[in-house]
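Q: mmCIF, C-alpha atoms and all ligand atoms, file query.cif:
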data_data
#
loop_
_atom_site.label_atom_id
_atom_site.label_comp_id
_atom_site.auth_asym_id
_atom_site.auth_seq_id
_atom_site.Cartn_x
_atom_site.Cartn_y
_atom_site.Cartn_z
CA MET A 70 17.06 -3.91 -4.89
CA LEU A 71 20.39 -2.82 -6.35
CA GLU A 72 18.84 -3.11 -9.83
CA ILE A 73 16.66 -0.09 -9.02
CA LEU A 74 19.61 2.25 -8.43
CA PRO A 75 20.48 2.90 -12.12
CA GLN A 76 16.81 3.80 -12.69
CA ILE A 77 16.78 6.57 -10.08
CA PRO A 78 18.30 9.37 -12.26
CA ARG A 79 15.72 8.55 -14.94
CA TYR A 80 12.84 9.01 -12.51
CA VAL A 81 14.41 12.21 -11.14
CA ALA A 82 14.68 13.59 -14.69
CA MET A 83 11.10 12.53 -15.45
CA ARG A 84 9.77 14.33 -12.37
CA ARG A 85 11.58 17.47 -13.52
CA GLY A 86 9.96 17.10 -16.93
CA ILE A 87 13.27 16.71 -18.73
CA GLY A 88 13.50 12.98 -19.36
CA PRO A 89 11.52 10.26 -21.12
CA LYS A 90 8.34 9.07 -19.41
CA ILE A 91 9.20 5.65 -18.07
CA LEU A 92 6.85 3.18 -16.40
CA PRO A 93 6.56 3.08 -12.59
CA LEU A 94 8.59 0.62 -10.54
CA ASN A 95 5.92 0.42 -7.84
CA LEU A 96 2.30 -0.29 -8.76
CA VAL A 97 -0.73 -0.98 -6.64
CA PHE A 98 -3.65 -2.91 -8.11
CA ALA A 99 -6.88 -2.69 -6.14
CA VAL A 100 -8.52 -5.87 -7.41
CA THR A 101 -11.93 -5.34 -5.78
CA TYR A 102 -13.84 -2.90 -3.58
CA ARG A 103 -15.84 -5.74 -2.03
CA CYS A 104 -14.87 -6.06 1.60
CA ASN A 105 -15.74 -8.23 4.59
CA SER A 106 -14.60 -5.59 7.11
CA ARG A 107 -16.59 -2.63 8.38
CA CYS A 108 -13.70 -0.43 9.48
CA LYS A 109 -14.24 2.81 11.32
CA SER A 110 -11.32 4.28 9.37
CA CYS A 111 -12.47 3.34 5.84
CA ASN A 112 -15.78 3.34 3.97
CA ILE A 113 -14.76 1.35 0.89
CA TRP A 114 -17.04 -1.49 2.01
CA MET A 115 -20.03 0.81 1.45
CA TYR A 116 -19.31 1.00 -2.30
CA THR A 117 -20.85 -2.40 -2.82
CA LYS A 118 -24.00 -1.74 -0.86
CA LYS A 119 -27.24 -1.03 -2.68
CA SER A 120 -27.23 2.60 -1.61
CA TYR A 121 -24.12 4.31 -2.94
CA ALA A 122 -24.54 7.56 -1.06
CA PRO A 123 -21.29 8.53 0.65
CA PRO A 124 -21.37 9.27 4.38
CA PRO A 125 -22.56 12.81 5.23
CA GLY A 126 -20.00 15.52 4.46
CA GLN A 127 -17.78 13.11 2.55
CA GLU A 128 -17.18 12.29 -1.08
CA TRP A 129 -16.17 9.34 -3.21
CA PRO A 130 -13.99 9.25 -6.32
CA TYR A 131 -16.88 8.04 -8.46
CA ASP A 132 -20.19 9.38 -9.54
CA ALA A 133 -22.33 6.91 -7.62
CA SER A 134 -24.69 6.40 -10.52
CA GLN A 135 -21.79 5.14 -12.67
CA LEU A 136 -20.37 2.67 -10.20
CA GLU A 137 -22.57 -0.26 -11.26
CA GLN A 138 -21.45 0.26 -14.84
CA ARG A 139 -17.81 -0.05 -13.84
CA PRO A 140 -17.23 -3.75 -13.23
CA GLU A 141 -13.99 -5.08 -11.79
CA LEU A 142 -11.21 -5.87 -14.24
CA THR A 143 -11.32 -9.52 -15.29
CA LEU A 144 -8.38 -11.91 -15.19
CA ASP A 145 -7.99 -11.59 -18.94
CA GLU A 146 -7.95 -7.79 -18.68
CA PHE A 147 -5.31 -7.99 -15.97
CA ARG A 148 -3.18 -10.22 -18.20
CA ARG A 149 -3.27 -7.61 -20.94
CA ILE A 150 -2.26 -4.82 -18.55
CA PHE A 151 0.65 -6.90 -17.22
CA ASP A 152 1.74 -7.65 -20.79
CA SER A 153 1.89 -3.92 -21.45
CA LEU A 154 4.01 -3.29 -18.33
CA GLY A 155 6.75 -5.79 -19.19
CA HIS A 156 9.48 -5.99 -16.56
CA ALA A 157 9.08 -2.38 -15.35
CA PRO A 158 7.50 -3.05 -11.92
CA PHE A 159 9.87 -4.05 -9.13
CA TYR A 160 7.17 -3.91 -6.45
CA LEU A 161 3.53 -4.90 -6.92
CA THR A 162 0.71 -4.70 -4.39
CA PHE A 163 -2.67 -6.41 -4.76
CA THR A 164 -5.14 -4.78 -2.44
CA GLY A 165 -8.89 -4.24 -1.99
CA GLY A 166 -11.39 -4.11 -0.34
CA GLU A 167 -10.49 -7.62 0.71
CA PRO A 168 -8.38 -9.11 -2.12
CA PHE A 169 -9.17 -12.69 -1.10
CA LEU A 170 -12.81 -12.09 -2.00
CA ARG A 171 -11.65 -12.52 -5.57
CA ASP A 172 -11.77 -16.21 -6.38
CA ASP A 173 -9.16 -15.65 -9.09
CA LEU A 174 -6.65 -13.72 -6.92
CA GLU A 175 -4.06 -16.48 -7.28
CA GLU A 176 -4.35 -16.39 -11.07
CA ILE A 177 -4.09 -12.59 -11.13
CA VAL A 178 -0.95 -12.52 -8.97
CA VAL A 179 0.71 -15.38 -10.84
CA ALA A 180 -0.13 -13.73 -14.19
CA ALA A 181 1.63 -10.57 -12.95
CA TYR A 182 4.61 -12.58 -11.71
CA GLU A 183 5.04 -14.45 -14.98
CA ARG A 184 4.79 -11.37 -17.15
CA CYS A 185 6.43 -8.65 -15.02
CA GLN A 186 8.90 -10.61 -12.84
CA PRO A 187 8.55 -8.24 -9.84
CA LYS A 188 10.93 -8.83 -6.94
CA VAL A 189 8.39 -7.99 -4.24
CA ILE A 190 4.66 -8.77 -4.13
CA THR A 191 2.55 -7.53 -1.23
CA ILE A 192 -1.02 -8.54 -0.38
CA PRO A 193 -2.86 -6.97 2.57
CA THR A 194 -5.76 -8.86 4.16
CA SER A 195 -8.15 -8.84 7.10
CA ALA A 196 -7.21 -12.55 7.40
CA MET A 197 -10.67 -13.63 8.50
CA TYR A 198 -10.83 -16.58 6.07
CA TRP A 199 -8.62 -18.77 8.20
CA LYS A 200 -9.62 -22.00 6.46
CA THR A 201 -8.77 -20.90 2.91
CA THR A 202 -6.40 -17.90 2.97
CA PRO A 203 -3.30 -19.77 4.26
CA GLN A 204 -3.36 -22.39 1.51
CA ARG A 205 -4.07 -19.74 -1.13
CA VAL A 206 -1.15 -17.63 0.08
CA HIS A 207 1.19 -20.62 0.19
CA ALA A 208 0.18 -21.50 -3.38
CA ILE A 209 0.92 -17.92 -4.53
CA ALA A 210 4.32 -17.90 -2.81
CA ARG A 211 5.26 -21.28 -4.31
CA ALA A 212 4.27 -20.12 -7.78
CA CYS A 213 6.18 -16.83 -7.42
CA ARG A 214 9.34 -18.40 -6.06
CA ASP A 215 11.82 -15.73 -7.21
CA ALA A 216 9.86 -12.91 -5.53
CA ASP A 217 9.41 -12.06 -1.87
CA VAL A 218 5.69 -12.49 -1.24
CA ILE A 219 4.61 -10.37 1.72
CA LEU A 220 1.23 -11.06 3.28
CA ASN A 221 0.27 -8.19 5.57
CA ILE A 222 -2.44 -9.01 8.09
CA SER A 223 -4.28 -5.94 9.34
CA MET A 224 -4.13 -5.70 13.13
CA ASP A 225 -5.32 -2.37 14.48
CA GLY A 226 -5.68 -3.28 18.13
CA ILE A 227 -5.44 -6.04 20.70
CA GLY A 228 -8.38 -8.43 21.09
CA GLU A 229 -11.80 -6.77 21.19
CA GLU A 230 -10.33 -3.37 20.43
CA HIS A 231 -9.30 -4.70 17.00
CA ASP A 232 -12.82 -6.06 16.45
CA ARG A 233 -14.33 -2.68 17.38
CA ILE A 234 -12.08 -0.72 15.01
CA ARG A 235 -12.60 -3.21 12.18
CA GLY A 236 -16.33 -3.47 12.89
CA VAL A 237 -16.46 -7.29 12.86
CA PRO A 238 -16.88 -9.50 15.95
CA HIS A 239 -14.16 -12.18 16.37
CA ASN A 240 -11.97 -10.64 13.66
CA TYR A 241 -8.94 -10.71 15.99
CA GLU A 242 -9.45 -14.37 16.88
CA LEU A 243 -9.89 -15.34 13.22
CA ALA A 244 -6.77 -13.40 12.20
CA LEU A 245 -4.74 -15.24 14.83
CA LYS A 246 -5.97 -18.59 13.50
CA THR A 247 -4.93 -17.52 10.00
CA LEU A 248 -1.52 -16.44 11.30
CA GLU A 249 -0.90 -19.79 12.95
CA ARG A 250 -1.90 -21.72 9.82
CA LEU A 251 0.27 -19.48 7.65
CA LYS A 252 3.29 -20.33 9.76
CA GLN A 253 2.87 -24.08 9.16
CA ASN A 254 4.93 -25.31 6.17
CA LYS A 255 5.64 -21.73 5.22
CA PRO A 256 7.41 -21.33 1.86
CA GLU A 257 10.82 -19.66 2.26
CA ASN A 258 9.92 -16.63 0.17
CA LEU A 259 6.76 -15.87 2.16
CA VAL A 260 7.03 -13.00 4.64
CA ILE A 261 4.18 -12.77 7.14
CA GLY A 262 3.68 -9.21 8.27
CA LEU A 263 1.33 -7.72 10.83
CA HIS A 264 0.22 -4.25 9.84
CA THR A 265 -1.26 -1.60 12.10
CA VAL A 266 -2.92 1.57 10.88
CA VAL A 267 -2.20 4.16 13.55
CA SER A 268 -5.31 6.33 13.78
CA SER A 269 -6.94 8.65 16.28
CA LEU A 270 -8.67 5.48 17.56
CA ASN A 271 -5.50 3.70 18.73
CA VAL A 272 -2.63 6.20 18.67
CA HIS A 273 -2.67 6.57 22.46
CA HIS A 274 -1.24 3.05 22.84
CA ALA A 275 0.19 2.29 19.40
CA THR A 276 3.55 1.20 20.79
CA GLU A 277 1.83 -1.25 23.14
CA ILE A 278 -0.01 -2.73 20.13
CA VAL A 279 3.28 -3.07 18.25
CA ASP A 280 4.92 -4.82 21.23
CA HIS A 281 1.98 -7.20 21.44
CA LEU A 282 2.11 -7.98 17.71
CA GLU A 283 5.85 -8.66 17.92
CA SER A 284 5.10 -11.25 20.61
CA LEU A 285 2.91 -13.18 18.14
CA GLY A 286 6.01 -14.13 16.14
CA PRO A 287 5.41 -12.74 12.64
CA ASP A 288 8.31 -12.00 10.27
CA SER A 289 7.65 -8.27 10.51
CA VAL A 290 5.44 -5.69 12.18
CA ILE A 291 4.78 -2.46 10.34
CA THR A 292 2.62 0.55 10.98
CA GLU A 293 1.38 3.42 8.92
CA VAL A 294 -0.59 6.55 9.64
CA ALA A 295 -4.34 6.58 8.96
CA GLU A 296 -5.06 8.98 6.17
CA GLU A 297 -8.13 10.64 4.91
CA ARG A 298 -8.30 9.45 1.33
CA LEU A 299 -10.80 10.20 -1.35
CA GLU A 300 -10.62 6.49 -2.24
CA MET A 301 -11.78 5.53 1.25
CA GLY A 302 -14.57 8.07 1.51
CA ASN A 303 -13.23 9.16 4.89
CA ARG A 304 -12.23 12.77 4.28
CA ASN A 305 -12.92 15.07 7.27
CA SER A 306 -13.55 12.01 9.43
CA GLY A 307 -10.86 12.95 11.98
CA ILE A 308 -9.25 9.54 11.65
CA THR A 309 -5.70 10.89 11.23
CA PRO A 310 -3.97 11.18 14.61
CA ASP A 311 -3.03 14.67 15.73
CA PRO A 312 0.51 15.54 14.59
CA GLU A 313 1.99 16.09 18.04
CA THR A 314 0.77 12.78 19.45
CA TYR A 315 1.82 10.94 16.31
CA SER A 316 5.28 12.55 16.39
CA ARG A 317 5.85 11.15 19.88
CA VAL A 318 4.67 7.72 18.74
CA ALA A 319 6.83 7.91 15.59
CA ALA A 320 9.94 8.72 17.65
CA GLU A 321 9.25 5.72 19.89
CA LEU A 322 8.56 3.42 16.92
CA SER A 323 11.76 4.55 15.20
CA ARG A 324 13.72 3.83 18.37
CA LYS A 325 12.16 0.38 18.72
CA VAL A 326 12.66 -0.54 15.07
CA SER A 327 16.29 0.57 15.06
CA LYS A 328 17.03 -1.72 18.02
CA ARG A 329 15.42 -4.78 16.42
CA PRO A 330 18.06 -7.35 15.42
CA ALA A 331 18.34 -7.75 11.66
CA ARG A 332 20.74 -9.23 9.13
CA GLY A 333 21.32 -8.79 5.41
CA PHE A 334 18.44 -7.26 3.46
CA ALA A 335 16.35 -6.94 6.63
CA ARG A 336 18.83 -4.29 7.85
CA ILE A 337 17.99 -2.17 4.82
CA THR A 338 14.22 -2.50 5.28
CA ARG A 339 14.65 -1.71 8.98
CA ALA A 340 16.64 1.43 8.10
CA PHE A 341 13.93 2.55 5.64
CA ARG A 342 11.22 1.96 8.24
CA THR A 343 13.08 3.96 10.89
CA GLU A 344 13.40 6.85 8.45
CA TYR A 345 9.78 6.56 7.26
CA TYR A 346 8.30 7.03 10.75
CA GLN A 347 10.22 10.28 11.15
CA LEU A 348 9.30 11.60 7.71
CA ALA A 349 5.62 10.67 8.10
CA ALA A 350 5.50 12.63 11.35
CA LYS A 351 7.17 15.59 9.62
CA ALA A 352 4.61 15.50 6.78
CA LEU A 353 1.76 15.52 9.31
CA ARG A 354 3.26 18.32 11.39
CA GLU A 355 4.11 20.61 8.49
CA GLY A 356 1.21 19.77 6.17
CA LYS A 357 3.55 19.68 3.17
CA GLN A 358 5.52 17.04 1.32
CA ALA A 359 8.33 15.93 3.63
CA LEU A 360 10.25 14.90 0.47
CA PRO A 361 9.38 15.70 -3.15
CA CYS A 362 6.70 13.08 -3.87
CA TYR A 363 7.26 10.59 -6.71
CA ALA A 364 3.67 9.34 -6.97
CA GLY A 365 2.69 9.57 -10.64
CA VAL A 366 6.34 9.13 -11.60
CA ALA A 367 7.81 6.07 -9.88
CA SER A 368 4.61 4.78 -8.29
CA GLY A 369 1.00 4.52 -9.35
CA HIS A 370 -2.34 2.91 -8.58
CA VAL A 371 -4.89 1.04 -10.66
CA ALA A 372 -8.47 0.99 -9.32
CA PRO A 373 -10.71 -2.12 -9.67
CA ASP A 374 -12.44 -0.67 -12.75
CA GLY A 375 -9.17 0.16 -14.54
CA ASP A 376 -8.91 3.83 -13.61
CA VAL A 377 -5.29 4.86 -13.16
CA TRP A 378 -4.33 7.23 -10.36
CA ALA A 379 -1.01 8.73 -9.26
CA CYS A 380 -2.01 7.71 -5.75
CA CYS A 381 -5.04 6.60 -3.77
CA VAL A 382 -5.04 9.69 -1.56
CA ARG A 383 -5.89 12.02 -4.44
CA ALA A 384 -7.64 9.25 -6.40
CA GLU A 385 -7.97 11.49 -9.46
CA PRO A 386 -8.13 9.41 -12.66
CA ILE A 387 -5.44 10.18 -15.22
CA GLY A 388 -7.06 7.70 -17.62
CA ASN A 389 -8.51 4.21 -17.77
CA VAL A 390 -6.73 1.17 -19.18
CA ARG A 391 -9.97 -0.03 -20.79
CA ALA A 392 -10.01 3.07 -22.98
CA VAL A 393 -6.49 2.44 -24.35
CA ASP A 394 -6.64 -1.26 -25.16
CA TYR A 395 -5.01 -2.10 -21.80
CA ASP A 396 -1.77 -0.35 -22.71
CA PHE A 397 -0.81 1.14 -19.34
CA GLY A 398 1.97 3.25 -20.90
CA ARG A 399 -0.54 5.19 -23.01
CA VAL A 400 -2.26 6.40 -19.84
CA TRP A 401 1.06 7.03 -18.07
CA ARG A 402 2.36 9.17 -20.93
CA GLY A 403 -0.91 11.02 -21.49
CA TYR A 404 -1.87 14.64 -21.02
CA LEU A 405 -3.76 14.06 -17.74
CA ALA A 406 -0.78 12.21 -16.26
CA ASP A 407 1.47 15.18 -17.13
CA LYS A 408 -0.99 17.58 -15.55
CA MET A 409 -1.13 15.48 -12.38
CA ARG A 410 2.67 15.29 -12.19
CA LYS A 411 2.90 19.09 -12.45
CA SER A 412 0.39 19.49 -9.63
CA ILE A 413 2.27 17.06 -7.39
CA ALA A 414 5.64 18.67 -8.21
CA ALA A 415 4.15 22.06 -7.34
CA GLY A 416 3.36 20.72 -3.85
CA GLU A 417 -0.41 20.97 -4.24
CA CYS A 418 -0.85 17.95 -1.95
CA ALA A 419 0.92 16.30 0.96
CA CYS A 420 0.48 13.12 2.94
CA PRO A 421 2.36 10.40 4.83
CA MET A 422 1.02 7.49 2.71
CA ALA A 423 3.49 4.64 3.21
CA ASN A 424 3.37 2.95 -0.18
CA ALA A 425 4.24 6.07 -2.19
CA PHE A 426 6.57 7.31 0.54
CA TYR A 427 8.94 4.34 0.40
CA THR A 428 9.44 4.87 -3.34
CA THR A 429 9.90 8.60 -2.78
CA MET A 430 12.58 7.89 -0.16
CA LEU A 431 14.50 5.86 -2.73
CA MET A 432 14.61 8.86 -5.05
CA ASP A 433 16.07 11.25 -2.46
CA PRO A 434 19.89 11.08 -2.28
CA LYS A 435 20.09 12.41 1.31
CA THR A 436 17.54 9.88 2.59
CA LEU A 437 19.22 7.12 0.66
CA ALA A 438 22.58 8.05 2.21
CA LYS A 439 21.04 8.08 5.70
CA VAL A 440 19.41 4.69 5.12
CA ALA A 441 22.69 3.25 3.80
CA LEU A 442 24.54 4.57 6.85
CA ARG A 443 21.94 3.21 9.27
CA ALA A 444 22.02 -0.19 7.55
CA ALA A 445 25.82 -0.26 7.59
CA ILE A 446 26.34 0.63 11.26
CA GLY A 447 23.48 -1.64 12.35
S1 LIG A 501 1.97 13.76 -1.53
FE1 LIG A 501 0.47 12.16 -1.00
S2 LIG A 501 -1.42 12.92 -1.91
FE2 LIG A 501 0.24 14.00 -2.94
S3 LIG A 501 0.72 12.74 -4.73
FE3 LIG A 501 2.12 12.16 -3.08
S4 LIG A 501 1.11 10.33 -2.20
FE4 LIG A 501 -0.47 11.45 -3.34
#
What do you get writing this file as C-alpha cells?

A:
Amino acid sequence: MLEILPQIPRYVAMRRGIGPKILPLNLVFAVTYRCNSRCKSCNIWMYTKKSYAPPPGQEWPYDASQLEQRPELTLDEFRRIFDSLGHAPFYLTFTGGEPFLRDDLEEIVVAAYERCQPKVITIPTSAMYWKTTPQRVHAIARACRDADVILNISMDGIGEEHDRIRGVPHNYELALKTLERLKQNKPENLVIGLHTVVSSLNVHHATEIVDHLESLGPDSVITEVAEERLEMGNRNSGITPDPETYSRVAAELSRKVSKRPARGFARITRAFRTEYYQLAAKALREGKQALPCYAGVASGHVAPDGDVWACCVRAEPIGNVRAVDYDFGRVWRGYLADKMRKSIAAGECACPMANAFYTTMLMDPKTLAKVALRAAIG
C-alpha cells in the first residue's frame, strides 16, 4: 500500500485540472449483467430478461433497444484492455451480476493479474454455486499469488431473511456451504469476506447481522450502505436507509470494528473501515460529498459492454473501450471524461458508495492522518 503514497499528489493535481491525466489505481470491471439472484435492492438481473422495460418510475443506463447489440466483453477484449492499463491499477474488482456465471472468469482475472500486477483483487458473489465456486476461487488465488484475493460473499440477513432479500430460496444455506468449502485448504493469499448491504430492509438489526456473520468465522465482515444507482435500476426505490437510523448503526459499527483485534496490515484496513462508516453516514445526512470525490480520477468502472464510467452510481458513459481499440487511456483522457470530472469536482453528485469512497479517503490528508493515528494506537 505504501507504493500508492507517492501517487497521491498526482491524483490531487489531476482532480484540480493542473496535472497530467494518469490512469486510475482502482478499477471495477463488471464482467456480466447475468445474475442468479433476484434481489429486492437491485434490478440488474432484469437486464437479461426478454422484456427490457425498467421497473415503473425507474430508469436504466442503456436504451433498452440497444442492449442486445451490446455483448459482454470477450476474454480477448479484456486482455487488450489490461495491456493498455499496464501496472497502473493497484486494486481491481471483478463484479456482476454474478461474476461466476462467466465460465472464463478465472482466465479474465489471471489475465489482469499477469498484465497489471494489482496488489488487491476483489470478487463479490452470491456464493450459491457451492460445488464449483470454491475450487474456482482457490485456483484464482493460487494463480495470483502475489496479490491478496478477496472473495466477498453477499449476506444481507440471517437465514430466511437473507433468502427473502435476495429473492432466492435456500440462498443462505448454499452460501454457508460455499463458505465452509472455501475454508478447506485455503490458499494463504485468499481472504474470505462476508459482505452486508445495509438497506431499509435490514437496517433495524444490521449490527445483529454483523455479529452473526462474525460468528461464522470468515476473515472479514464488511458492510456498505444500499444506494440507488442508475446501474441497478433502483432509483427512487426507497432502498437506502434513512440517514438518522443509519447514523446510529454506523456509530455502532465503527465502535465494534475499532474493538476488533487486528495486527499488521489488518490494523490499517480496520482503521479505514471505522472511518468509512462515519463518513458514509455524513454523506447520507448532508446529501453532499463528505470528502471531495475521486471517482473519475483515481477510480473508475468498466461495464460489461466496455462502457467506461467514473462510477456506477452515475453510470454515465465517458466512452467505450471498443471504440478506441481497447486503449483505456484514450477514454480516460477524453473530452467526456474531463466534463465528468468537472461535474464531480463541482459537487453535482454525492453518495456513500464504498468502492469509490475508500480511494477518496486515501486522497484526503486529514482522513489519512486519522487512519494512520487509529492504526498506530490500535
Ligand atoms: S460522489 Fe458518488 S455519485 Fe458522485 S462521482 Fe463520487 S461515487 Fe459517483

Q: Here is a test: counting only C-alpha atoms and all ligand atoms, which residue of A:Leu220, A:Ala406, A:Met422, A:Leu144 is nearest to ligand LIG 501 (chain A)?

A: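 Once distances to ligand LIG 501 (chain A) are computed over only C-alpha atoms and all ligand atoms, the minimum belongs to A:Met422.
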
Q: Around all listed atoms of stretch 280-294 of chain A, padded 8 Å per side, what centre and edge lengths does the axis-aligned box have in Å to one decimal, as AutoDock Vina command-line options?

A:
--center_x 3.9 --center_y -3.8 --center_z 15.2 --size_x 24.9 --size_y 36.7 --size_z 28.5

Q: Would you compute the distance between atom CA of A:Gly262 and atom CA of A:Ile219? Give it in Å to one decimal.

A: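 Spanning atom CA of A:Gly262 to atom CA of A:Ile219 is a straight-line distance of 6.7 Å.
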
Q: Please provide the set of residues having any atom within 10 Å of A:Ser316, restricted to only C-alpha atoms, with same-chain residues fewer than 5 positions apart removed, written as a ChimeraX atom specification.

A: /A:310-311,321-322,346-351,353-354

Q: Set out as a tab-separated table a contact list for chain A and ligand LIG 501 (chain A) with a cut-off of 9 Å, giving each residue of chain A that qualifies its closest atom pair and distance in Å to one decimal, counting all atoms listed in the file, ordered by chain and rising residue number.

A:
residue	atom	partner	partner_atom	distance
A:Arg298	CA	A:LIG501	S2	8.4
A:Ala352	CA	A:LIG501	S1	8.9
A:Lys357	CA	A:LIG501	S1	7.7
A:Gln358	CA	A:LIG501	S1	5.6
A:Ala359	CA	A:LIG501	S1	8.5
A:Leu360	CA	A:LIG501	S1	8.6
A:Pro361	CA	A:LIG501	S1	7.8
A:Cys362	CA	A:LIG501	FE3	4.7
A:Tyr363	CA	A:LIG501	FE3	6.5
A:Ala364	CA	A:LIG501	S3	5.0
A:Gly365	CA	A:LIG501	S3	7.0
A:Ser368	CA	A:LIG501	S4	9.0
A:Ala379	CA	A:LIG501	S3	6.3
A:Cys380	CA	A:LIG501	FE4	4.7
A:Cys381	CA	A:LIG501	FE4	6.7
A:Val382	CA	A:LIG501	S2	4.9
A:Arg383	CA	A:LIG501	S2	5.2
A:Ala384	CA	A:LIG501	FE4	8.1
A:Met409	CA	A:LIG501	S3	8.3
A:Arg410	CA	A:LIG501	S3	8.1
A:Ser412	CA	A:LIG501	S3	8.3
A:Ile413	CA	A:LIG501	S3	5.3
A:Ala414	CA	A:LIG501	S3	8.5
A:Gly416	CA	A:LIG501	FE2	7.5
A:Glu417	CA	A:LIG501	FE2	7.1
A:Cys418	CA	A:LIG501	FE2	4.2
A:Ala419	CA	A:LIG501	S1	3.7
A:Cys420	CA	A:LIG501	FE1	4.1
A:Pro421	CA	A:LIG501	FE1	6.4
A:Met422	CA	A:LIG501	S4	5.7
A:Ala423	CA	A:LIG501	S4	8.2
A:Asn424	CA	A:LIG501	S4	8.0
A:Ala425	CA	A:LIG501	S4	5.3
A:Phe426	CA	A:LIG501	S4	6.8
A:Thr429	CA	A:LIG501	FE3	8.6

Q: Using all atoms listed in the file, which protein or nucleic acid residues come within 9 Å of A:Val266? Drop anything in the same chain fewer than 4 positions from it, and give the result as a ChimeraX atom specification.

A: /A:110,223-225,271,291-295

Q: Go through A:Pro287, A:Val326, A:Val366, A:Asp374 and flag the residue nearest A:Ile77, using only C-alpha atoms for the distances.

A: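 Among the listed residues, A:Val366 lies closest to A:Ile77.
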
Q: How many Å lie between atom CA of A:Thr201 and atom CA of A:Thr162, rounded to one decimal?

A: 20.1 Å

Q: When you look at A:Tyr160 with a cut-off of 6 Å (counting all atoms listed in the file), what residues show up, excluding the ones that are within fewer than 2 positions of it in the same chain? I need them as a ChimeraX atom specification.

A: /A:95,158,187,189-190

Q: Please compute the atom CA of A:Gln76-atom CA of A:Ser323 distance, one decimal, in Å.

A: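 Taking atom CA of A:Gln76 as the start and atom CA of A:Ser323 as the end point, the length is 28.4 Å.
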
Q: Out of A:Ala441, A:Ala157, A:Leu142, A:Trp199, which residue has the shortest atom-to-atom distance to A:Ile337 when counting all atoms listed in the file?

A: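 Counting all atoms listed in the file, the residue closest to A:Ile337 is A:Ala441.
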
Q: Under the rule that all atoms listed in the file are counted, which of A:Asp433, A:Asp172, A:Asp232, A:Asp407 is the nearest residue to A:Met197?

A: A:Asp232

Q: Please list as an NGL selection string every residue within 12 Å of A:Leu282, counting all atoms listed in the file and excluding residues in the same chain fewer than 4 positions away.

A: :A and (222-228 or 231 or 241 or 244-245 or 248 or 261-265 or 275-278 or 286-292)

Q: Of the candidates A:Leu92, A:Arg317, A:Pro312, A:Val81, which one gets nearest to A:Glu355 if we count all atoms listed in the file?

A: A:Pro312
